[in-house]
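The file protein.cif comes next; it holds mmCIF, C-alpha atoms (C1' of nucleotides).
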data_protein
#
loop_
_atom_site.label_atom_id
_atom_site.label_comp_id
_atom_site.auth_asym_id
_atom_site.auth_seq_id
_atom_site.Cartn_x
_atom_site.Cartn_y
_atom_site.Cartn_z
CA MET A 1 -0.44 -3.51 11.41
CA LEU A 2 3.20 -4.55 11.73
CA GLU A 3 2.85 -5.03 15.48
CA TYR A 4 -0.01 -7.46 15.02
CA ILE A 5 1.82 -9.42 12.36
CA ILE A 6 4.82 -9.71 14.66
CA LEU A 7 2.55 -10.98 17.43
CA GLY A 8 1.01 -13.42 14.94
CA PHE A 9 4.39 -14.91 14.13
CA LEU A 10 5.30 -15.07 17.80
CA MET A 11 2.13 -17.06 18.53
CA ASP A 12 3.97 -20.18 17.34
CA ARG A 13 7.50 -19.69 18.59
CA GLU A 14 10.11 -17.27 19.92
CA LEU A 15 11.83 -15.20 17.27
CA SER A 16 14.39 -12.41 17.04
CA GLY A 17 14.00 -9.27 14.96
CA TYR A 18 16.24 -10.81 12.36
CA ASP A 19 14.24 -14.04 12.33
CA LEU A 20 11.04 -12.06 11.84
CA LYS A 21 12.48 -10.28 8.84
CA GLN A 22 13.49 -13.61 7.30
CA THR A 23 10.19 -15.25 8.11
CA MET A 24 8.31 -12.46 6.40
CA ALA A 25 10.63 -12.57 3.40
CA SER A 26 9.86 -16.25 2.87
CA SER A 27 6.17 -16.22 3.62
CA THR A 28 4.33 -12.90 3.51
CA SER A 29 6.61 -10.72 1.37
CA TYR A 30 4.20 -10.79 -1.57
CA PHE A 31 1.56 -8.97 0.45
CA PHE A 32 3.38 -7.68 3.50
CA ASP A 33 6.99 -6.89 4.26
CA ALA A 34 8.82 -4.68 6.73
CA SER A 35 12.33 -3.36 7.10
CA PHE A 36 14.60 -3.66 10.14
CA GLY A 37 14.04 0.03 10.69
CA SER A 38 10.43 -0.71 11.57
CA ILE A 39 10.74 -4.20 13.05
CA TYR A 40 13.16 -3.32 15.85
CA PRO A 41 11.29 -0.25 17.12
CA ALA A 42 8.03 -2.25 16.91
CA LEU A 43 9.51 -4.99 19.09
CA LYS A 44 10.71 -2.42 21.58
CA LYS A 45 7.24 -0.88 21.72
CA LEU A 46 5.63 -4.30 22.21
CA GLU A 47 8.08 -5.05 25.01
CA THR A 48 7.35 -1.74 26.75
CA ARG A 49 3.65 -2.54 26.55
CA GLY A 50 4.26 -5.98 28.01
CA ASP A 51 2.92 -7.88 25.00
CA VAL A 52 6.27 -9.59 24.50
CA ARG A 53 9.31 -10.33 26.64
CA ALA A 54 12.90 -10.48 25.40
CA THR A 55 15.56 -12.99 26.34
CA GLU A 56 19.16 -12.36 25.39
CA VAL A 57 20.77 -15.57 24.26
CA VAL A 58 23.92 -16.71 22.51
CA ASP A 59 22.99 -19.10 19.75
CA GLY A 60 25.94 -20.64 17.88
CA GLY A 61 28.29 -17.92 19.09
CA LYS A 62 25.84 -15.23 17.93
CA PHE A 63 24.14 -12.74 20.18
CA LYS A 64 20.38 -12.78 19.78
CA LYS A 65 17.36 -11.26 21.43
CA LEU A 66 14.54 -13.76 21.35
CA TYR A 67 11.09 -12.37 21.86
CA ALA A 68 8.40 -14.45 23.53
CA ILE A 69 4.74 -13.48 23.38
CA GLN A 70 3.00 -12.96 26.73
CA ALA A 71 -0.59 -13.59 27.78
CA THR A 72 -1.52 -9.93 27.18
CA GLY A 73 0.11 -10.15 23.76
CA ARG A 74 -1.98 -13.16 22.82
CA GLU A 75 -5.04 -11.23 23.92
CA THR A 76 -4.01 -8.18 21.87
CA PHE A 77 -3.50 -10.37 18.83
CA ARG A 78 -6.77 -12.26 19.25
CA ALA A 79 -8.69 -8.99 19.66
CA TRP A 80 -7.16 -7.61 16.47
CA LEU A 81 -7.75 -10.77 14.46
CA ALA A 82 -11.34 -11.16 15.64
CA GLY A 83 -12.15 -7.47 15.24
CA PRO A 84 -13.10 -5.67 12.04
CA ILE A 85 -10.22 -4.97 9.68
CA PRO A 86 -10.88 -2.03 7.36
CA PHE A 87 -11.19 -3.12 3.75
CA SER A 88 -8.49 -1.56 1.60
CA ARG A 89 -8.96 -0.93 -2.11
CA THR A 90 -5.36 -0.06 -2.77
CA LYS A 91 -3.64 -2.92 -0.96
CA PRO A 92 -4.35 -6.65 -0.57
CA ASP A 93 -4.57 -6.22 3.21
CA HIS A 94 -7.32 -8.83 3.40
CA LEU A 95 -4.65 -11.50 3.02
CA ILE A 96 -2.95 -10.57 6.26
CA PRO A 97 -5.59 -11.81 8.70
CA VAL A 98 -6.23 -14.91 6.57
CA PHE A 99 -2.64 -15.91 7.11
CA PHE A 100 -3.49 -16.29 10.80
CA TYR A 101 -7.01 -17.69 10.48
CA ARG A 102 -6.08 -20.85 12.35
CA PHE A 103 -6.37 -18.76 15.51
CA LEU A 104 -10.03 -18.07 14.82
CA SER A 105 -12.99 -20.40 15.34
CA PRO A 106 -14.76 -21.81 12.25
CA GLU A 107 -17.70 -19.48 12.97
CA GLU A 108 -15.48 -16.41 13.17
CA ARG A 109 -13.71 -17.38 9.94
CA LYS A 110 -17.01 -17.85 8.17
CA GLU A 111 -18.25 -14.47 9.33
CA ARG A 112 -15.02 -12.72 8.25
CA LEU A 113 -14.95 -14.36 4.84
CA GLU A 114 -18.58 -13.55 4.16
CA LYS A 115 -17.99 -9.94 5.11
CA LEU A 116 -14.96 -9.83 2.83
CA ILE A 117 -17.06 -11.19 -0.03
CA SER A 118 -19.76 -8.58 0.45
CA GLU A 119 -17.21 -5.77 0.62
CA ALA A 120 -15.49 -6.99 -2.54
CA GLN A 121 -18.84 -7.34 -4.27
CA ALA A 122 -19.69 -3.75 -3.40
CA VAL A 123 -16.49 -2.51 -5.04
CA LEU A 124 -17.03 -4.84 -7.99
CA GLY A 125 -20.48 -3.34 -8.46
CA GLU A 126 -19.02 0.17 -8.43
CA LEU A 127 -16.39 -0.77 -10.99
CA ALA A 128 -18.97 -2.45 -13.22
CA ALA A 129 -21.01 0.76 -13.10
CA GLN A 130 -17.88 2.76 -13.92
CA GLU A 131 -17.21 0.53 -16.89
CA GLU A 132 -20.49 1.47 -18.53
CA ASP A 133 -20.22 5.22 -18.39
CA VAL A 134 -16.49 5.12 -18.98
CA ALA A 135 -16.59 2.95 -22.10
CA CYS A 136 -16.83 5.96 -24.41
CA LYS A 137 -14.64 8.61 -22.76
CA ALA A 138 -11.83 6.37 -21.53
CA ASP A 139 -8.99 5.19 -23.75
CA LEU A 140 -7.64 1.66 -24.14
CA TYR A 141 -5.31 2.00 -21.16
CA GLN A 142 -7.78 3.46 -18.70
CA HIS A 143 -10.21 0.81 -19.78
CA SER A 144 -7.57 -1.83 -19.32
CA ALA A 145 -6.81 -0.61 -15.80
CA LEU A 146 -10.51 -0.88 -15.01
CA ALA A 147 -10.61 -4.36 -16.54
CA PHE A 148 -7.79 -5.32 -14.19
CA GLY A 149 -9.78 -4.01 -11.25
CA LEU A 150 -12.82 -6.04 -12.27
CA GLN A 151 -10.78 -9.22 -12.65
CA TYR A 152 -8.99 -8.56 -9.40
CA TYR A 153 -12.21 -8.32 -7.38
CA ARG A 154 -13.63 -11.37 -9.12
CA LEU A 155 -10.50 -13.20 -8.07
CA VAL A 156 -10.90 -12.01 -4.48
CA ILE A 157 -14.52 -13.16 -4.38
CA ASP A 158 -13.84 -16.57 -5.98
CA TRP A 159 -10.92 -17.10 -3.68
CA CYS A 160 -12.98 -16.29 -0.57
CA ARG A 161 -15.74 -18.63 -1.69
CA ARG A 162 -13.31 -21.46 -2.30
CA LEU A 163 -11.72 -20.93 1.10
CA LEU A 164 -15.15 -20.85 2.70
CA GLN A 165 -15.97 -24.22 1.15
CA GLU A 166 -12.65 -25.84 1.96
CA ASP A 167 -12.92 -24.53 5.49
CA ALA A 168 -16.41 -25.99 5.93
CA VAL A 169 -15.16 -29.39 4.72
CA THR A 170 -12.13 -29.27 7.03
CA SER A 171 -14.21 -28.22 10.03
CA TYR A 172 -16.64 -31.04 9.27
CA ILE A 173 -13.84 -33.60 9.19
CA GLU A 174 -12.22 -32.22 12.34
CA THR A 175 -15.28 -31.73 14.49
CA GLY A 176 -17.72 -34.06 12.79
CA ASP A 177 -20.45 -31.43 12.91
CA GLY A 178 -19.40 -28.77 10.39
CA GLY A 179 -18.69 -26.28 13.14
CA GLN A 180 -22.34 -26.06 14.20
CA MET B 1 3.73 9.36 -6.57
CA LEU B 2 0.77 11.63 -5.83
CA GLU B 3 2.45 14.59 -7.50
CA TYR B 4 2.90 12.65 -10.71
CA ILE B 5 -0.68 11.45 -10.71
CA ILE B 6 -1.87 15.01 -10.25
CA LEU B 7 0.29 16.09 -13.18
CA GLY B 8 -1.14 13.19 -15.18
CA PHE B 9 -4.68 14.37 -14.62
CA LEU B 10 -3.71 17.95 -15.42
CA MET B 11 -2.26 16.84 -18.78
CA ASP B 12 -5.80 16.88 -20.17
CA ARG B 13 -7.44 19.84 -18.47
CA GLU B 14 -7.31 22.37 -15.64
CA LEU B 15 -8.60 21.07 -12.33
CA SER B 16 -8.94 22.25 -8.74
CA GLY B 17 -7.90 20.27 -5.69
CA TYR B 18 -11.51 19.32 -5.16
CA ASP B 19 -11.89 18.25 -8.78
CA LEU B 20 -8.81 16.07 -8.47
CA LYS B 21 -10.21 14.32 -5.43
CA GLN B 22 -13.46 13.62 -7.28
CA THR B 23 -11.67 12.51 -10.43
CA MET B 24 -9.62 10.02 -8.45
CA ALA B 25 -12.70 8.79 -6.60
CA SER B 26 -14.42 7.95 -9.86
CA SER B 27 -11.47 6.55 -11.78
CA THR B 28 -8.43 5.43 -9.82
CA SER B 29 -9.81 4.87 -6.32
CA TYR B 30 -9.54 1.10 -6.63
CA PHE B 31 -5.75 1.32 -6.94
CA PHE B 32 -4.89 4.85 -5.91
CA ASP B 33 -6.61 7.46 -3.78
CA ALA B 34 -5.52 10.50 -1.83
CA SER B 35 -7.09 12.72 0.80
CA PHE B 36 -7.42 16.50 0.71
CA GLY B 37 -4.74 16.63 3.34
CA SER B 38 -2.24 15.41 0.78
CA ILE B 39 -3.70 16.86 -2.42
CA TYR B 40 -3.61 20.52 -1.38
CA PRO B 41 -0.04 20.53 -0.07
CA ALA B 42 1.04 18.60 -3.19
CA LEU B 43 -0.52 21.25 -5.45
CA LYS B 44 1.22 23.98 -3.49
CA LYS B 45 4.53 22.20 -3.86
CA LEU B 46 4.01 21.73 -7.59
CA GLU B 47 3.18 25.43 -7.92
CA THR B 48 6.30 26.47 -6.01
CA ARG B 49 8.35 24.29 -8.34
CA GLY B 50 6.69 25.86 -11.36
CA ASP B 51 5.20 22.61 -12.68
CA VAL B 52 1.69 24.03 -12.39
CA ARG B 53 0.15 27.49 -12.22
CA ALA B 54 -3.00 28.42 -10.30
CA THR B 55 -5.80 30.69 -11.43
CA GLU B 56 -8.39 31.84 -8.93
CA VAL B 57 -11.81 31.83 -10.53
CA VAL B 58 -15.43 32.10 -9.48
CA ASP B 59 -17.42 29.31 -11.08
CA GLY B 60 -21.17 29.36 -10.40
CA GLY B 61 -20.73 31.63 -7.40
CA LYS B 62 -18.07 29.30 -5.97
CA PHE B 63 -14.47 30.21 -5.39
CA LYS B 64 -12.05 27.82 -7.05
CA LYS B 65 -8.35 27.54 -7.69
CA LEU B 66 -7.82 25.95 -11.07
CA TYR B 67 -4.41 24.49 -11.67
CA ALA B 68 -2.92 24.44 -15.16
CA ILE B 69 0.09 22.30 -16.02
CA GLN B 70 3.13 24.14 -17.39
CA ALA B 71 5.76 23.07 -19.90
CA THR B 72 8.15 22.02 -17.10
CA GLY B 73 5.32 20.06 -15.49
CA ARG B 74 4.69 18.16 -18.71
CA GLU B 75 8.38 17.38 -18.86
CA THR B 76 8.42 16.22 -15.22
CA PHE B 77 5.47 13.95 -15.89
CA ARG B 78 6.89 12.52 -19.12
CA ALA B 79 10.22 11.79 -17.41
CA TRP B 80 8.45 9.94 -14.58
CA LEU B 81 6.20 7.97 -16.91
CA ALA B 82 9.03 6.98 -19.24
CA GLY B 83 11.43 6.17 -16.40
CA PRO B 84 11.60 2.96 -14.41
CA ILE B 85 8.90 2.55 -11.78
CA PRO B 86 9.89 0.19 -8.95
CA PHE B 87 7.84 -2.98 -8.92
CA SER B 88 5.83 -3.32 -5.73
CA ARG B 89 4.77 -6.67 -4.31
CA THR B 90 2.46 -5.26 -1.74
CA LYS B 91 0.52 -2.75 -3.87
CA PRO B 92 -0.84 -2.79 -7.43
CA ASP B 93 1.29 0.24 -8.29
CA HIS B 94 1.85 -1.09 -11.79
CA LEU B 95 -1.66 0.08 -12.68
CA ILE B 96 -0.82 3.73 -12.07
CA PRO B 97 1.46 4.31 -15.05
CA VAL B 98 -0.79 2.21 -17.30
CA PHE B 99 -3.58 4.64 -16.65
CA PHE B 100 -1.49 7.28 -18.44
CA TYR B 101 0.03 5.08 -21.15
CA ARG B 102 -1.49 7.18 -23.90
CA PHE B 103 1.33 9.65 -23.23
CA LEU B 104 3.94 7.05 -24.15
CA SER B 105 4.93 5.87 -27.61
CA PRO B 106 3.97 2.33 -28.70
CA GLU B 107 7.62 1.30 -28.33
CA GLU B 108 7.85 2.66 -24.79
CA ARG B 109 4.61 0.95 -23.85
CA LYS B 110 5.81 -2.35 -25.24
CA GLU B 111 9.09 -2.10 -23.33
CA ARG B 112 7.31 -1.24 -20.05
CA LEU B 113 4.77 -4.04 -20.37
CA GLU B 114 7.42 -6.61 -21.18
CA LYS B 115 9.43 -5.53 -18.18
CA LEU B 116 6.33 -5.78 -15.99
CA ILE B 117 5.72 -9.30 -17.28
CA SER B 118 9.25 -10.42 -16.49
CA GLU B 119 9.11 -8.91 -12.99
CA ALA B 120 5.78 -10.57 -12.30
CA GLN B 121 7.11 -13.86 -13.63
CA ALA B 122 10.07 -13.63 -11.29
CA VAL B 123 7.77 -13.26 -8.28
CA LEU B 124 5.49 -16.00 -9.60
CA GLY B 125 8.50 -18.30 -9.80
CA GLU B 126 9.43 -17.52 -6.20
CA LEU B 127 5.90 -18.19 -5.02
CA ALA B 128 5.73 -21.46 -6.96
CA ALA B 129 8.97 -22.52 -5.25
CA GLN B 130 7.51 -21.50 -1.88
CA GLU B 131 4.43 -23.58 -2.57
CA GLU B 132 6.48 -26.78 -2.82
CA ASP B 133 8.42 -26.55 0.41
CA VAL B 134 5.49 -24.97 2.22
CA ALA B 135 2.92 -27.60 1.28
CA CYS B 136 3.68 -29.68 4.37
CA LYS B 137 4.38 -27.16 7.10
CA ALA B 138 1.75 -24.54 6.18
CA ASP B 139 -1.88 -24.82 7.16
CA LEU B 140 -4.93 -24.38 4.95
CA TYR B 141 -5.00 -20.62 5.44
CA GLN B 142 -1.34 -19.93 4.80
CA HIS B 143 -1.61 -22.15 1.77
CA SER B 144 -4.68 -20.28 0.66
CA ALA B 145 -2.90 -16.94 0.98
CA LEU B 146 -0.11 -18.31 -1.18
CA ALA B 147 -2.65 -19.60 -3.69
CA PHE B 148 -4.05 -16.09 -3.88
CA GLY B 149 -0.59 -14.74 -4.58
CA LEU B 150 -0.07 -17.25 -7.39
CA GLN B 151 -3.40 -16.42 -8.97
CA TYR B 152 -2.77 -12.72 -8.56
CA TYR B 153 0.52 -12.82 -10.43
CA ARG B 154 -0.98 -15.01 -13.14
CA LEU B 155 -3.68 -12.39 -13.51
CA VAL B 156 -1.07 -9.62 -13.78
CA ILE B 157 0.85 -11.54 -16.46
CA ASP B 158 -2.22 -12.44 -18.49
CA TRP B 159 -3.49 -8.92 -18.27
CA CYS B 160 -0.18 -7.46 -19.46
CA ARG B 161 -0.06 -9.90 -22.38
CA ARG B 162 -3.57 -9.04 -23.43
CA LEU B 163 -2.82 -5.33 -23.25
CA LEU B 164 0.36 -5.88 -25.23
CA GLN B 165 -1.65 -7.59 -27.97
CA GLU B 166 -4.48 -5.09 -28.02
CA ASP B 167 -1.94 -2.29 -28.12
CA ALA B 168 -0.11 -3.84 -31.08
CA VAL B 169 -3.41 -4.12 -32.98
CA THR B 170 -4.38 -0.53 -32.17
CA SER B 171 -0.97 0.81 -33.15
CA TYR B 172 -1.18 -1.13 -36.41
CA ILE B 173 -4.58 0.37 -37.22
CA GLU B 174 -3.48 3.89 -36.27
CA THR B 175 -0.08 3.98 -37.91
CA GLY B 176 -0.43 1.23 -40.47
CA ASP B 177 2.96 -0.20 -39.55
CA GLY B 178 2.47 -1.69 -36.10
CA GLY B 179 4.65 0.96 -34.54
CA GLN B 180 7.78 -0.25 -36.34
"C1'" DC C 1 -32.93 28.23 8.81
"C1'" DG C 2 -30.62 23.89 9.32
"C1'" DT C 3 -28.29 20.36 6.63
"C1'" DT C 4 -25.78 18.95 2.88
"C1'" DC C 5 -22.55 19.78 -0.58
"C1'" DC C 6 -18.79 22.68 -2.47
"C1'" DA C 7 -14.24 24.30 -1.58
"C1'" DT C 8 -9.68 25.32 0.63
"C1'" DG C 9 -6.53 24.76 3.79
"C1'" DT C 10 -3.50 23.57 8.41
"C1'" DA C 11 -1.59 20.73 12.33
"C1'" DA C 12 -0.48 16.69 14.54
"C1'" DG C 13 0.67 12.40 14.22
"C1'" DG C 14 1.18 7.49 12.32
"C1'" DC C 15 3.69 4.39 9.97
"C1'" DG C 16 6.97 3.31 7.29
"C1'" DT C 17 11.49 3.73 4.56
"C1'" DT C 18 16.57 4.53 3.60
"C1'" DA C 19 20.91 5.29 5.16
"C1'" DC C 20 23.92 4.98 8.59
"C1'" DA C 21 26.67 2.97 12.58
"C1'" DT C 22 28.39 -1.05 14.91
"C1'" DG C 23 30.28 -5.40 15.68
"C1'" DA C 24 30.68 -10.58 15.68
"C1'" DT C 25 31.12 -14.83 12.93
"C1'" DT C 26 31.70 -17.70 8.89
"C1'" DA C 27 33.48 -19.05 4.36
"C1'" DC C 28 36.87 -18.90 0.98
"C1'" DG D 1 42.45 -11.18 5.40
"C1'" DT D 2 38.48 -9.84 3.32
"C1'" DA D 3 33.96 -10.45 1.90
"C1'" DA D 4 29.47 -12.05 3.01
"C1'" DT D 5 26.17 -13.05 6.32
"C1'" DC D 6 24.31 -12.61 10.95
"C1'" DA D 7 22.53 -9.39 14.18
"C1'" DT D 8 20.94 -5.02 16.46
"C1'" DG D 9 19.91 -0.62 16.52
"C1'" DT D 10 19.30 4.89 15.57
"C1'" DA D 11 18.25 9.24 12.93
"C1'" DA D 12 16.34 11.67 9.40
"C1'" DC D 13 13.01 12.04 6.56
"C1'" DG D 14 8.89 10.99 3.29
"C1'" DC D 15 4.43 10.55 2.57
"C1'" DC D 16 0.28 9.96 3.87
"C1'" DT D 17 -4.00 10.15 7.08
"C1'" DT D 18 -7.31 12.08 10.45
"C1'" DA D 19 -9.16 15.75 12.61
"C1'" DC D 20 -9.84 20.26 12.73
"C1'" DA D 21 -10.98 25.13 11.11
"C1'" DT D 22 -13.34 28.05 7.91
"C1'" DG D 23 -16.75 29.81 4.90
"C1'" DG D 24 -20.07 30.21 0.91
"C1'" DA D 25 -23.98 28.16 -1.85
"C1'" DA D 26 -27.94 25.18 -2.64
"C1'" DC D 27 -31.83 22.47 -1.07
"C1'" DG D 28 -35.92 21.57 1.36
#

Just dump the structure as structure tokens.
Amino acid sequence: MLEYIILGFLMDRELSGYDLKQTMASSTSYFFDASFGSIYPALKKLETRGDVRATEVVDGGKFKKLYAIQATGRETFRAWLAGPIPFSRTKPDHLIPVFFYRFLSPEERKERLEKLISEAQAVLGELAAQEEDVACKADLYQHSALAFGLQYYRLVIDWCRRLLQEDAVTSYIETGDGGQ
Amino acid sequence: MLEYIILGFLMDRELSGYDLKQTMASSTSYFFDASFGSIYPALKKLETRGDVRATEVVDGGKFKKLYAIQATGRETFRAWLAGPIPFSRTKPDHLIPVFFYRFLSPEERKERLEKLISEAQAVLGELAAQEEDVACKADLYQHSALAFGLQYYRLVIDWCRRLLQEDAVTSYIETGDGGQ
DNA sequence: CGTTCCATGTAAGGCGTTACATGATTAC
DNA sequence: GTAATCATGTAACGCCTTACATGGAACG
């Protein structure tokens, strides 16, 4: 996962390991964050694979290794972003690809979001079923945890639907044909 | 984490590794789940430590190892539940202790929930600040991810407040003094 | 009599963290 | 001059997953 996120950030501009850490801290830290201990080895691995290439520079008297994404890296990233991303119940992983949705076509985005909605609805259905047979044997706190789960998945679904709508409007404005 | 959750489930009744897996699947799987590959070694570790004790039984012609929590195990669990649990931004870990809140006193619950609220508010504040300086340079999708974060933390805060209130009412009914 | 479910466990490996080690530059 | 920040990296370890290995019982 980390490797793809790094590639995603490098899609826009060259960054060092330190830059990546800072970028994450100020943009994705509420759903994804990584330590230096995982960022640096990940960059090394990406370089070995040829997905990125490092340039050693001195910027303002400071030594830096700037990593630039290569053609194969862009391909790796695209393939990951366009491919199926397993739905996680225990982490808001669905936010990660969304962060990079600008690299997908309107059709691909629509497909992804609709899939996300159906997956979230499936879990919501399960939780709703749990709520019924749990109402008697569960205590206030277990019930409250379940209530959180229900609200959480409703939030996910509403949020996806809103994004789907906004995206359709934006695509319409940009292309004049609603992405058809 | 897993070890404590196992202890939490064993607080009520004896369970086997298989039972634990099933119990999680039908109660905590939307915020916590574990595979057999982690459950069995965890039980072994807990047994070595003396927190649980196993009894081999034959139930309906099927071999089973039922684990019973011991006094030291109850103490271990209590200490974990009453102690500070690091706030995670990337996982809804805050739900885990709540699931076992019945083992805390009303005062402890109140303290925990208030702390959770203040931690969530701190993150919400950060995200709100991000939203302002990000509004121009972020695209629809990055902005949407941030919007999800904002709504998520609002949900966490509202949910904590509601639980805090419900808990106060329940404690009042049960003890007749609101837990004072 | 084969498939599914019950039930326990191990081995290898992935993916990440914390703590450590190093050194330059900047700010006070 | 010393503390904070910038910057890179390694080593040890934690904690979990997947895949595998095994075997009995129940269902049709």

Could you list, as a list in words, every residue within 12 Å of B:Glu111, counting all atoms listed in the file and ignoring same-chain residues fewer than 4 positions away?
Ala82, Gly83, Pro84, Tyr101, Leu104, Ser105, Pro106, Glu107, Lys115, Leu116, Ile117, Ser118, Cys160 and Leu164 of chain B

Selected residues written out with C-alpha atoms, as a PDB file, in the coordinates of the input:
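In the end it all went to part_3.pdb:
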ATOM      1  CA  ALA B  82       9.030   6.980 -19.240  1.00  0.00           C
ATOM      2  CA  GLY B  83      11.430   6.170 -16.400  1.00  0.00           C
ATOM      3  CA  PRO B  84      11.600   2.960 -14.410  1.00  0.00           C
ATOM      4  CA  TYR B 101       0.030   5.080 -21.150  1.00  0.00           C
ATOM      5  CA  LEU B 104       3.940   7.050 -24.150  1.00  0.00           C
ATOM      6  CA  SER B 105       4.930   5.870 -27.610  1.00  0.00           C
ATOM      7  CA  PRO B 106       3.970   2.330 -28.700  1.00  0.00           C
ATOM      8  CA  GLU B 107       7.620   1.300 -28.330  1.00  0.00           C
ATOM      9  CA  LYS B 115       9.430  -5.530 -18.180  1.00  0.00           C
ATOM     10  CA  LEU B 116       6.330  -5.780 -15.990  1.00  0.00           C
ATOM     11  CA  ILE B 117       5.720  -9.300 -17.280  1.00  0.00           C
ATOM     12  CA  SER B 118       9.250 -10.420 -16.490  1.00  0.00           C
ATOM     13  CA  CYS B 160      -0.180  -7.460 -19.460  1.00  0.00           C
ATOM     14  CA  LEU B 164       0.360  -5.880 -25.230  1.00  0.00           C
TER      15      LEU B 164
END

What does the distance from atom CA of B:Ile69 to atom CA of B:Tyr30 come to in Å, to one decimal?
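Separation between atom CA of B:Ile69 and atom CA of B:Tyr30: 25.1 Å.
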
Name the residues captured by the PyMOL selection byres ((chain B) within 10 of (chain C)) when it is applied to the shown file; answer as a PyMOL selection string.
chain B and resi 16-19+36-37+40-41+62-65

Record the distance separating atom CA of B:Thr72 and atom CA of B:Tyr4, expressed in Å with one decimal.
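Distance between the two atoms: 12.5 Å.
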
Result set of the PyMOL selection byres ((chain D) within 9 of (chain A)) on the coordinates above, as a PyMOL selection string:
chain D and resi 6-10

In Å to one decimal, how far is atom CA of B:Phe31 from atom CA of B:Leu155?
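According to the coordinates, atom CA of B:Leu155 and atom CA of B:Phe31 are separated by 15.3 Å.
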
Rank B:Phe77, B:Phe87, B:Phe32, B:Tyr153 by their smallest atom-to-atom distance to chain A, using all atoms listed in the file, and report the top residue only.
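The shortest atom-to-atom distance to chain A comes from B:Phe32.
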
Chain B residues near chain A (6 Å cut-off, all atoms listed in the file) as a count of residues only:
10

Restricting the calculation to all atoms listed in the file, which member of B:Ala122, B:Leu20, B:Ile6, B:Ala129 is positioned closest to B:Asp51?
B:Ile6

Which residues come within 9 Å of A:Ala34, counting all atoms listed in the file, excluding same-chain residues fewer than 5 positions away, as a list in words?
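Residues meeting the cut-off are Leu2, Lys21, Met24, Ala25, Ser29 and Ile39 of chain A; DG16 of chain C.
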
Expand the PyMOL selection byres ((chain D and resi 16) around 8) into the individual residues it matches in the shown file, reporting them as a PyMOL selection string.
(chain B and resi 38) or (chain D and resi 15+17)

Go ahead and fit an axis-aligned box to every listed atom of stretch 5-14 of chain D plus 4 Å each side, and pass me the centre and edge lengths in Å, one decimal, as JSON.
{"center_x": 17.5, "center_y": -0.5, "center_z": 9.9, "size_x": 25.3, "size_y": 33.1, "size_z": 21.2}
